[in-house]
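Enquirer: One file is attached below, model14.tsv, containing TSV, C-alpha atoms.
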chain	number	residue	atom	x	y	z
A	1	MET	CA	-3.76	-40.28	-42.89
A	2	ARG	CA	-3.80	-41.01	-39.19
A	3	ALA	CA	-3.48	-44.48	-37.67
A	4	PRO	CA	-6.32	-46.86	-38.52
A	5	ILE	CA	-8.95	-47.83	-35.99
A	6	ASP	CA	-8.58	-51.34	-34.59
A	7	PHE	CA	-11.92	-53.10	-34.92
A	8	TYR	CA	-12.16	-56.33	-32.89
A	9	PHE	CA	-15.15	-58.60	-33.26
A	10	ASP	CA	-16.28	-62.22	-33.16
A	11	PHE	CA	-18.02	-63.54	-36.28
A	12	SER	CA	-20.83	-64.94	-34.11
A	13	SER	CA	-21.50	-61.62	-32.34
A	14	PRO	CA	-24.70	-59.85	-33.43
A	15	TYR	CA	-23.40	-56.53	-32.14
A	16	GLY	CA	-20.12	-57.15	-33.95
A	17	TYR	CA	-22.09	-57.69	-37.14
A	18	LEU	CA	-24.14	-54.52	-36.66
A	19	ALA	CA	-20.96	-52.58	-35.95
A	20	SER	CA	-19.36	-53.97	-39.12
A	21	GLN	CA	-22.08	-52.17	-41.07
A	22	LYS	CA	-21.24	-48.79	-39.52
A	23	ILE	CA	-17.54	-48.70	-38.72
A	24	GLU	CA	-16.12	-47.88	-42.17
A	25	PRO	CA	-18.17	-44.72	-42.90
A	26	LEU	CA	-17.69	-43.59	-39.29
A	27	ALA	CA	-13.91	-43.93	-39.61
A	28	ALA	CA	-13.88	-42.36	-43.06
A	29	ARG	CA	-15.66	-39.24	-41.77
A	30	HIS	CA	-12.57	-38.66	-39.66
A	31	GLY	CA	-9.93	-39.60	-42.22
A	32	ARG	CA	-9.27	-43.01	-40.71
A	33	GLY	CA	-9.01	-46.49	-42.07
A	34	VAL	CA	-10.18	-49.60	-40.20
A	35	SER	CA	-8.08	-52.60	-39.28
A	36	TRP	CA	-10.51	-55.54	-39.02
A	37	ARG	CA	-9.43	-58.01	-36.33
A	38	PRO	CA	-11.67	-61.02	-35.79
A	39	ILE	CA	-11.16	-62.76	-32.46
A	40	LEU	CA	-12.59	-65.71	-30.56
A	41	LEU	CA	-14.73	-64.44	-27.70
A	42	GLY	CA	-14.36	-67.77	-25.94
A	43	ALA	CA	-10.69	-66.97	-25.32
A	44	ALA	CA	-11.64	-63.65	-23.71
A	45	PHE	CA	-14.39	-65.33	-21.67
A	46	LYS	CA	-11.79	-67.67	-20.20
A	47	VAL	CA	-10.08	-64.62	-18.71
A	48	SER	CA	-13.12	-62.52	-17.81
A	49	GLY	CA	-15.25	-65.42	-16.61
A	50	ALA	CA	-18.14	-64.26	-18.79
A	51	GLY	CA	-20.15	-66.50	-21.08
A	52	PRO	CA	-22.19	-66.23	-24.26
A	53	LEU	CA	-25.14	-63.87	-23.73
A	54	PRO	CA	-27.88	-66.35	-24.61
A	55	SER	CA	-26.75	-68.65	-21.79
A	56	ILE	CA	-27.12	-66.04	-19.05
A	57	PRO	CA	-30.36	-66.06	-17.03
A	58	LEU	CA	-32.49	-62.89	-17.46
A	59	LYS	CA	-29.85	-61.23	-19.65
A	60	GLY	CA	-30.13	-63.99	-22.25
A	61	GLU	CA	-33.82	-63.44	-22.89
A	62	TYR	CA	-33.35	-59.69	-22.98
A	63	SER	CA	-30.41	-59.93	-25.34
A	64	LYS	CA	-32.38	-61.76	-28.03
A	65	ARG	CA	-34.98	-59.00	-28.00
A	66	ASP	CA	-32.24	-56.39	-28.01
A	67	PHE	CA	-30.41	-57.95	-30.98
A	68	LEU	CA	-33.55	-57.73	-33.09
A	69	ARG	CA	-34.57	-54.27	-31.90
A	70	SER	CA	-31.04	-52.89	-32.34
A	71	ALA	CA	-30.92	-54.22	-35.89
A	72	ARG	CA	-34.24	-52.50	-36.69
A	73	PHE	CA	-33.06	-49.32	-34.97
A	74	HIS	CA	-29.91	-49.23	-37.09
A	75	GLY	CA	-31.66	-50.35	-40.27
A	76	VAL	CA	-29.56	-53.48	-40.72
A	77	ALA	CA	-30.91	-56.76	-42.13
A	78	PHE	CA	-30.59	-59.37	-39.40
A	79	ARG	CA	-31.96	-62.62	-38.05
A	80	ILE	CA	-30.95	-64.78	-35.13
A	81	PRO	CA	-29.37	-67.82	-36.79
A	82	ASP	CA	-30.76	-71.27	-36.00
A	83	GLN	CA	-27.33	-72.27	-34.70
A	84	PHE	CA	-26.37	-69.58	-32.22
A	85	PRO	CA	-23.86	-69.01	-30.81
A	86	ILE	CA	-21.20	-71.03	-32.60
A	87	SER	CA	-17.43	-71.40	-32.61
A	88	THR	CA	-15.96	-69.11	-35.23
A	89	LEU	CA	-12.50	-70.67	-35.25
A	90	GLN	CA	-12.75	-71.75	-38.89
A	91	ALA	CA	-14.09	-68.36	-39.98
A	92	CYS	CA	-11.25	-66.65	-38.12
A	93	ARG	CA	-8.65	-68.89	-39.73
A	94	ALA	CA	-10.10	-68.23	-43.16
A	95	PHE	CA	-9.81	-64.50	-42.51
A	96	TYR	CA	-6.18	-64.63	-41.42
A	97	ALA	CA	-5.32	-67.01	-44.29
A	98	THR	CA	-6.56	-64.42	-46.79
A	99	PRO	CA	-4.46	-61.68	-48.40
A	100	ALA	CA	-5.01	-58.28	-46.78
A	101	GLU	CA	-6.98	-56.74	-49.64
A	102	LYS	CA	-9.55	-59.53	-49.66
A	103	ARG	CA	-10.09	-59.80	-45.93
A	104	VAL	CA	-12.84	-57.23	-45.49
A	105	PRO	CA	-14.94	-58.58	-48.37
A	106	LEU	CA	-14.55	-62.06	-46.87
A	107	ALA	CA	-15.54	-60.82	-43.41
A	108	ARG	CA	-18.64	-59.12	-44.82
A	109	ALA	CA	-19.58	-62.26	-46.73
A	110	LEU	CA	-19.18	-64.42	-43.61
A	111	PHE	CA	-21.27	-62.06	-41.48
A	112	ARG	CA	-23.95	-61.87	-44.14
A	113	ALA	CA	-24.07	-65.63	-44.58
A	114	TYR	CA	-24.54	-66.13	-40.85
A	115	PHE	CA	-26.83	-63.28	-39.83
A	116	VAL	CA	-28.87	-62.83	-43.00
A	117	ASP	CA	-28.83	-66.18	-44.82
A	118	ASN	CA	-28.74	-68.41	-41.75
A	119	VAL	CA	-25.69	-70.36	-42.93
A	120	ASN	CA	-23.79	-72.03	-40.09
A	121	ILE	CA	-20.31	-70.52	-40.46
A	122	GLY	CA	-19.16	-72.70	-37.58
A	123	GLU	CA	-18.70	-75.44	-40.20
A	124	ALA	CA	-15.50	-75.46	-42.23
A	125	ASP	CA	-17.32	-76.55	-45.39
A	126	ASN	CA	-19.56	-73.51	-45.30
A	127	VAL	CA	-16.65	-71.19	-44.62
A	128	LEU	CA	-14.78	-72.64	-47.60
A	129	LYS	CA	-17.84	-72.28	-49.83
A	130	ILE	CA	-18.20	-68.60	-48.90
A	131	ALA	CA	-14.49	-67.99	-49.42
A	132	GLY	CA	-14.72	-69.82	-52.74
A	133	SER	CA	-17.47	-67.49	-53.93
A	134	LEU	CA	-14.87	-64.71	-53.61
A	135	GLY	CA	-12.22	-66.74	-55.45
A	136	LEU	CA	-10.40	-67.63	-52.25
A	137	LYS	CA	-9.08	-71.02	-51.17
A	138	PRO	CA	-7.84	-70.67	-47.58
A	139	ASP	CA	-6.10	-73.74	-46.14
A	140	LEU	CA	-7.78	-74.04	-42.74
A	141	ASN	CA	-5.45	-76.83	-41.67
A	142	ASP	CA	-2.21	-74.96	-42.37
A	143	GLN	CA	-0.26	-74.84	-39.12
A	144	VAL	CA	1.06	-71.37	-39.96
A	145	ILE	CA	-2.52	-70.09	-40.21
A	146	LYS	CA	-3.54	-71.86	-37.03
A	147	ASP	CA	-0.63	-70.26	-35.20
A	148	LYS	CA	-1.32	-66.85	-36.68
A	149	THR	CA	-4.98	-67.00	-35.62
A	150	ARG	CA	-4.05	-67.98	-32.10
A	151	ALA	CA	-1.43	-65.22	-31.92
A	152	GLU	CA	-3.96	-62.60	-33.06
A	153	VAL	CA	-6.52	-63.73	-30.50
A	154	ASP	CA	-3.96	-63.90	-27.69
A	155	ALA	CA	-2.68	-60.42	-28.56
A	156	ALA	CA	-6.21	-59.05	-28.41
A	157	VAL	CA	-6.89	-60.54	-24.99
A	158	ALA	CA	-3.49	-59.33	-23.78
A	159	ARG	CA	-4.54	-55.86	-24.90
A	160	GLY	CA	-7.70	-56.10	-22.79
A	161	VAL	CA	-10.27	-56.99	-25.44
A	162	PHE	CA	-13.13	-58.78	-23.69
A	163	GLY	CA	-16.16	-58.22	-25.89
A	164	SER	CA	-17.43	-57.68	-29.41
A	165	PRO	CA	-17.32	-55.18	-30.96
A	166	TYR	CA	-14.33	-53.60	-29.27
A	167	VAL	CA	-12.62	-50.66	-30.93
A	168	VAL	CA	-9.29	-49.06	-30.07
A	169	VAL	CA	-8.31	-45.68	-31.44
A	170	ASP	CA	-4.94	-44.20	-30.51
A	171	GLY	CA	-4.91	-46.39	-27.39
A	172	GLU	CA	-8.45	-45.47	-26.27
A	173	PRO	CA	-10.81	-48.48	-26.01
A	174	PHE	CA	-14.53	-48.48	-26.80
A	175	TRP	CA	-16.60	-51.56	-26.05
A	176	GLY	CA	-19.89	-52.02	-27.83
A	177	MET	CA	-21.60	-50.43	-30.76
A	178	ASP	CA	-23.43	-48.34	-28.21
A	179	ARG	CA	-20.17	-46.46	-27.65
A	180	PHE	CA	-19.97	-45.39	-31.28
A	181	ASP	CA	-21.37	-41.98	-30.27
A	182	GLN	CA	-18.44	-41.55	-27.88
A	183	LEU	CA	-16.06	-43.00	-30.47
A	184	GLU	CA	-17.23	-40.47	-33.00
A	185	ARG	CA	-16.71	-37.56	-30.63
A	186	TRP	CA	-13.31	-38.95	-29.67
A	187	LEU	CA	-12.29	-39.07	-33.33
A	188	ARG	CA	-13.20	-35.39	-33.65
A	189	GLU	CA	-11.36	-34.60	-30.45
A	190	PRO	CA	-10.42	-36.65	-27.36
A	191	PHE	CA	-12.47	-35.53	-24.37
B	1	MET	CA	-51.14	-38.72	-19.72
B	2	ARG	CA	-49.90	-42.15	-20.70
B	3	ALA	CA	-48.47	-44.69	-18.26
B	4	PRO	CA	-45.24	-43.62	-16.53
B	5	ILE	CA	-41.90	-45.11	-17.43
B	6	ASP	CA	-40.54	-47.59	-14.89
B	7	PHE	CA	-36.97	-46.58	-14.06
B	8	TYR	CA	-35.02	-49.28	-12.19
B	9	PHE	CA	-31.59	-48.53	-10.80
B	10	ASP	CA	-29.17	-49.32	-8.00
B	11	PHE	CA	-27.89	-46.38	-5.95
B	12	SER	CA	-24.32	-47.64	-6.37
B	13	SER	CA	-24.54	-47.85	-10.16
B	14	PRO	CA	-22.64	-45.13	-12.04
B	15	TYR	CA	-24.73	-45.70	-15.15
B	16	GLY	CA	-27.88	-45.58	-13.01
B	17	TYR	CA	-26.73	-42.22	-11.68
B	18	LEU	CA	-25.99	-40.86	-15.15
B	19	ALA	CA	-29.39	-42.06	-16.33
B	20	SER	CA	-31.08	-40.37	-13.38
B	21	GLN	CA	-29.85	-37.06	-14.79
B	22	LYS	CA	-31.48	-37.66	-18.18
B	23	ILE	CA	-34.62	-39.74	-17.67
B	24	GLU	CA	-37.06	-37.03	-16.56
B	25	PRO	CA	-36.62	-34.63	-19.50
B	26	LEU	CA	-36.58	-37.58	-21.90
B	27	ALA	CA	-39.88	-38.86	-20.52
B	28	ALA	CA	-41.39	-35.36	-20.39
B	29	ARG	CA	-40.66	-34.82	-24.10
B	30	HIS	CA	-43.11	-37.65	-24.74
B	31	GLY	CA	-45.74	-36.74	-22.17
B	32	ARG	CA	-44.64	-39.38	-19.69
B	33	GLY	CA	-43.89	-39.40	-16.01
B	34	VAL	CA	-41.20	-41.54	-14.41
B	35	SER	CA	-41.67	-44.10	-11.66
B	36	TRP	CA	-38.33	-44.34	-9.84
B	37	ARG	CA	-37.67	-47.87	-8.56
B	38	PRO	CA	-34.39	-48.44	-6.75
B	39	ILE	CA	-33.34	-52.07	-6.53
B	40	LEU	CA	-30.44	-54.10	-5.16
B	41	LEU	CA	-28.32	-55.38	-8.01
B	42	GLY	CA	-26.93	-58.10	-5.76
B	43	ALA	CA	-30.34	-59.80	-5.82
B	44	ALA	CA	-30.35	-59.78	-9.62
B	45	PHE	CA	-26.75	-61.01	-9.75
B	46	LYS	CA	-27.80	-64.03	-7.68
B	47	VAL	CA	-30.10	-65.03	-10.55
B	48	SER	CA	-27.97	-63.97	-13.51
B	49	GLY	CA	-24.67	-65.12	-12.05
B	50	ALA	CA	-23.10	-61.75	-12.84
B	51	GLY	CA	-21.02	-59.71	-10.42
B	52	PRO	CA	-20.12	-56.09	-9.80
B	53	LEU	CA	-18.27	-54.68	-12.81
B	54	PRO	CA	-15.09	-53.66	-10.98
B	55	SER	CA	-14.50	-57.25	-9.89
B	56	ILE	CA	-14.49	-58.68	-13.43
B	57	PRO	CA	-11.08	-59.21	-15.10
B	58	LEU	CA	-10.50	-57.01	-18.19
B	59	LYS	CA	-14.04	-55.60	-18.03
B	60	GLY	CA	-13.40	-54.10	-14.60
B	61	GLU	CA	-10.49	-51.95	-15.74
B	62	TYR	CA	-12.37	-50.86	-18.82
B	63	SER	CA	-15.50	-50.00	-16.87
B	64	LYS	CA	-13.73	-47.49	-14.62
B	65	ARG	CA	-12.46	-45.66	-17.66
B	66	ASP	CA	-15.90	-45.88	-19.25
B	67	PHE	CA	-17.68	-44.49	-16.17
B	68	LEU	CA	-15.51	-41.38	-16.26
B	69	ARG	CA	-15.61	-40.93	-20.01
B	70	SER	CA	-19.38	-41.47	-20.14
B	71	ALA	CA	-19.89	-38.83	-17.44
B	72	ARG	CA	-17.80	-36.36	-19.43
B	73	PHE	CA	-19.63	-37.29	-22.61
B	74	HIS	CA	-23.00	-36.62	-21.00
B	75	GLY	CA	-21.82	-33.53	-19.13
B	76	VAL	CA	-22.61	-34.94	-15.68
B	77	ALA	CA	-20.50	-34.22	-12.58
B	78	PHE	CA	-19.09	-37.56	-11.40
B	79	ARG	CA	-16.30	-39.23	-9.51
B	80	ILE	CA	-15.62	-42.84	-8.63
B	81	PRO	CA	-16.28	-42.96	-4.88
B	82	ASP	CA	-13.54	-44.21	-2.58
B	83	GLN	CA	-15.87	-46.96	-1.39
B	84	PHE	CA	-17.11	-48.65	-4.54
B	85	PRO	CA	-19.20	-50.63	-5.02
B	86	ILE	CA	-21.27	-50.73	-1.83
B	87	SER	CA	-24.47	-52.29	-0.56
B	88	THR	CA	-27.31	-49.85	-1.05
B	89	LEU	CA	-29.79	-51.65	1.17
B	90	GLN	CA	-30.08	-48.72	3.59
B	91	ALA	CA	-30.47	-46.20	0.79
B	92	CYS	CA	-33.17	-48.37	-0.77
B	93	ARG	CA	-35.03	-48.68	2.52
B	94	ALA	CA	-34.87	-44.92	3.04
B	95	PHE	CA	-36.38	-44.42	-0.40
B	96	TYR	CA	-39.29	-46.80	0.18
B	97	ALA	CA	-39.87	-45.37	3.67
B	98	THR	CA	-40.37	-41.92	2.18
B	99	PRO	CA	-43.70	-40.46	1.02
B	100	ALA	CA	-44.10	-40.58	-2.76
B	101	GLU	CA	-43.68	-36.84	-3.38
B	102	LYS	CA	-40.33	-36.72	-1.59
B	103	ARG	CA	-38.80	-39.84	-3.08
B	104	VAL	CA	-37.24	-38.35	-6.19
B	105	PRO	CA	-35.56	-35.48	-4.33
B	106	LEU	CA	-34.20	-38.04	-1.85
B	107	ALA	CA	-32.93	-40.28	-4.65
B	108	ARG	CA	-31.20	-37.33	-6.29
B	109	ALA	CA	-29.63	-36.30	-2.98
B	110	LEU	CA	-28.36	-39.84	-2.36
B	111	PHE	CA	-26.88	-40.14	-5.83
B	112	ARG	CA	-25.23	-36.74	-5.54
B	113	ALA	CA	-23.80	-37.51	-2.11
B	114	TYR	CA	-22.26	-40.73	-3.40
B	115	PHE	CA	-21.05	-39.85	-6.88
B	116	VAL	CA	-20.19	-36.18	-6.44
B	117	ASP	CA	-19.41	-35.66	-2.75
B	118	ASN	CA	-17.85	-39.09	-2.11
B	119	VAL	CA	-20.13	-39.84	0.87
B	120	ASN	CA	-20.45	-43.56	1.58
B	121	ILE	CA	-24.21	-44.09	1.33
B	122	GLY	CA	-23.69	-47.72	2.27
B	123	GLU	CA	-23.71	-46.49	5.87
B	124	ALA	CA	-27.06	-45.95	7.56
B	125	ASP	CA	-25.82	-42.85	9.41
B	126	ASN	CA	-24.97	-41.11	6.15
B	127	VAL	CA	-28.29	-42.08	4.59
B	128	LEU	CA	-30.14	-40.66	7.60
B	129	LYS	CA	-28.10	-37.45	7.43
B	130	ILE	CA	-28.96	-36.95	3.77
B	131	ALA	CA	-32.63	-37.73	4.41
B	132	GLY	CA	-32.55	-35.34	7.35
B	133	SER	CA	-31.30	-32.51	5.13
B	134	LEU	CA	-34.59	-32.90	3.24
B	135	GLY	CA	-36.63	-32.95	6.46
B	136	LEU	CA	-37.11	-36.71	6.31
B	137	LYS	CA	-36.73	-39.23	9.12
B	138	PRO	CA	-37.06	-42.71	7.62
B	139	ASP	CA	-37.07	-45.61	10.10
B	140	LEU	CA	-34.61	-48.02	8.49
B	141	ASN	CA	-35.33	-50.73	11.03
B	142	ASP	CA	-39.09	-50.75	10.52
B	143	GLN	CA	-40.06	-54.29	9.52
B	144	VAL	CA	-42.78	-52.96	7.22
B	145	ILE	CA	-40.15	-50.97	5.30
B	146	LYS	CA	-37.76	-53.91	5.21
B	147	ASP	CA	-40.49	-56.10	3.78
B	148	LYS	CA	-41.57	-53.47	1.29
B	149	THR	CA	-38.00	-53.04	0.04
B	150	ARG	CA	-37.56	-56.75	-0.37
B	151	ALA	CA	-40.89	-57.05	-2.18
B	152	GLU	CA	-39.93	-54.26	-4.61
B	153	VAL	CA	-36.58	-55.87	-5.38
B	154	ASP	CA	-38.09	-59.34	-5.78
B	155	ALA	CA	-40.78	-57.97	-8.09
B	156	ALA	CA	-38.12	-56.30	-10.24
B	157	VAL	CA	-36.08	-59.49	-10.59
B	158	ALA	CA	-39.26	-61.47	-11.30
B	159	ARG	CA	-39.94	-58.98	-14.09
B	160	GLY	CA	-36.50	-59.69	-15.58
B	161	VAL	CA	-34.56	-56.68	-14.31
B	162	PHE	CA	-30.88	-57.67	-14.23
B	163	GLY	CA	-28.98	-54.42	-14.54
B	164	SER	CA	-28.95	-50.71	-13.81
B	165	PRO	CA	-30.39	-48.61	-15.29
B	166	TYR	CA	-33.21	-50.72	-16.64
B	167	VAL	CA	-36.28	-49.00	-18.04
B	168	VAL	CA	-39.64	-50.52	-18.96
B	169	VAL	CA	-42.15	-48.63	-21.08
B	170	ASP	CA	-45.49	-50.27	-21.91
B	171	GLY	CA	-43.86	-53.68	-21.34
B	172	GLU	CA	-40.79	-53.01	-23.50
B	173	PRO	CA	-37.47	-53.28	-21.60
B	174	PHE	CA	-34.37	-51.17	-22.20
B	175	TRP	CA	-31.16	-52.01	-20.36
B	176	GLY	CA	-28.51	-49.35	-20.03
B	177	MET	CA	-28.35	-45.64	-20.57
B	178	ASP	CA	-26.87	-46.51	-23.95
B	179	ARG	CA	-30.34	-47.65	-25.00
B	180	PHE	CA	-31.84	-44.22	-24.34
B	181	ASP	CA	-31.65	-43.51	-28.07
B	182	GLN	CA	-33.81	-46.56	-28.72
B	183	LEU	CA	-36.02	-45.67	-25.77
B	184	GLU	CA	-36.61	-42.21	-27.18
B	185	ARG	CA	-37.57	-43.57	-30.58
B	186	TRP	CA	-39.83	-46.14	-28.93
B	187	LEU	CA	-41.61	-43.38	-27.02
B	188	ARG	CA	-42.28	-41.61	-30.30
B	189	GLU	CA	-43.41	-44.83	-31.90
B	190	PRO	CA	-42.66	-48.50	-31.20
B	191	PHE	CA	-40.53	-49.97	-33.96
The structure given in the file should be rewritten as structure tokens.

Expert:
Amino acid sequence: MRAPIDFYFDFSSPYGYLASQKIEPLAARHGRGVSWRPILLGAAFKVSGAGPLPSIPLKGEYSKRDFLRSARFHGVAFRIPDQFPISTLQACRAFYATPAEKRVPLARALFRAYFVDNVNIGEADNVLKIAGSLGLKPDLNDQVIKDKTRAEVDAAVARGVFGSPYVVVDGEPFWGMDRFDQLERWLREPF
Amino acid sequence: MRAPIDFYFDFSSPYGYLASQKIEPLAARHGRGVSWRPILLGAAFKVSGAGPLPSIPLKGEYSKRDFLRSARFHGVAFRIPDQFPISTLQACRAFYATPAEKRVPLARALFRAYFVDNVNIGEADNVLKIAGSLGLKPDLNDQVIKDKTRAEVDAAVARGVFGSPYVVVDGEPFWGMDRFDQLERWLREPF
């Protein structure tokens, strides 16, 4: 088994959500696992100077149309949540507070709650409810978890992660689900 | 013959150049022509607040790597020019000063000069030389041409164009060559 793919995403990123539906089978086709690494895009935006898509003139309007069309194109259930975008700090903490083997199911449940069921996962109560449905009780106020979350996000930005999804395979970075065609070729053979 | 595809691009945009190599056969497969519409990204950036990719922290470094990898992926000859990015005002004016049937060959020659032969097409002399090699003598100081260029760029921004390439088919916008898969499906049947 070769090194897993690093899969960075923000829980409030529509493209991150779409990518989360495709990354595992893509990796598996090439004998790879996936290391899921939620981040906080706001931290990357502080460095890159970018902002949330919906807030950008011209691009914001386009992006809403593109979210919906991309979801249809890829056959993924999706809606734009009423609260969008949101801070995903609590969702991130819940993820990093969870034992490794339960993290991916939790991430999928959080994404689904937000982008399918319109649940505001920016609120700690909702995050805890979703975690609870999986038998998890993350302590979102634990300082160790807070520190760990911050360290993960800082490490991602230090590595150059500036968007969601952002995938790194053997040191090669791929930003956006629309690079999954290049990612797939790269996994066959670097070019 | 159905309505042509509107193909917006900036002559200094690597992704616009890559797209220019693919758009005609793509359109032809669906019985469409292509209306080439060079713009000045700087005018769009004034509205969207964006800036040239290379100047953006994190994203800038990534984008250089992505330009080169994307060119290899699509099998298109490409280099990052020594002068990059540049103002393409003169190139744009030369395009709009040229009779319709010679515009696409001129656009291709300008792109090739810049992204293959490393000629700085930000300089009027170089633009005139390239035009001359096609038997063209655009008057870059003609006020009518200046006004026409400005009107084309303003109309594009008013239509919501904020990037390069940006394609509109029957009112549906597609930003980026990485939406050509969606564009192709849309041309078969809107979804």

Enquirer: I want to know what sits within 6 Å of region 154-161 of chain B, based on only C-alpha atoms, with residues of the same chain fewer than 3 positions away left out; could you give that as a list in words?

Expert: Leu58 of chain A; Ala44 and Ala151 of chain B

Enquirer: Give me the residues near Leu40 (chain A) as a list in words, where near means some atom within 8 Å (using all atoms listed in the file) and where sequence neighbours in that chain fewer than 5 positions away do not count.

Expert: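 Counting all atoms listed in the file, the residues come to Asp10, Ser87, Thr88, Leu89, Cys92 and Val153 of chain A.
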
Enquirer: Tell me the residues of chain B close to chain A, meaning within 8 Å using all atoms listed in the file, as JSON, numbers by chain.

Expert: {"B": [47, 48, 49, 56, 57, 58, 59, 62, 69, 70, 72, 73, 160, 161, 162, 173, 178, 179, 182, 191]}

Enquirer: Could you work out how far CA of Gly122 (chain A) lies from CA of Leu140 (chain A), giving the answer in Å with one decimal?

Expert: 12.6 Å

Enquirer: What is the distance between CA of Arg93 (chain A) and CA of Gly75 (chain A), in Å to one decimal?

Expert: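 Rounded to one decimal, the two atoms are 29.6 Å apart.
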
Enquirer: Find the axis-aligned box for region 104-112 of chain B, covering all its listed atoms and adding 8 Å on each side, and write its centre and edge lengths in Å to one decimal as lines of an AutoDock Vina configuration file.

Expert:
center_x = -31.2
center_y = -37.9
center_z = -4.1
size_x = 28.0
size_y = 20.8
size_z = 20.4

Enquirer: Applying 9 Å and all atoms listed in the file, which residues near Ile23 (chain B) remain after dropping the ones on its own chain fewer than 3 positions away? List them as a PyMOL selection string.

Expert: chain B and resi 7+19-20+26-28+34+180

Enquirer: CA of Pro25 (chain A) and CA of Ile121 (chain A), how far apart in Å?

Expert: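 Those two atoms sit 26.0 Å apart.
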
Enquirer: Could you check the closest approach to Ala77 (chain A) for each of A:Ala100, A:Val116, A:Leu187, A:Leu134 and tell me which residue wins, using only C-alpha atoms?

Expert: A:Val116

Enquirer: Which one of A:Ala113, A:Thr98, A:Gly171, A:Asn120 sits closest to Leu136 (chain A) if you count only C-alpha atoms?

Expert: A:Thr98

Enquirer: Taking (-11.1, -57.6, -35.7) in the coordinates of the supplied file, I want to know which residues reach to within 9 Å of it, counting only C-alpha atoms; could you give the answer as a ChimeraX atom specification?

Expert: /A:6-10,35-39,156,164-167

Enquirer: Counting only C-alpha atoms, figure out which residue out of B:Ala91, B:Val144, B:Leu18, B:Leu53 gets nearest to Val76 (chain B).

Expert: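 With only C-alpha atoms as the atom set, the closest residue is B:Leu18.
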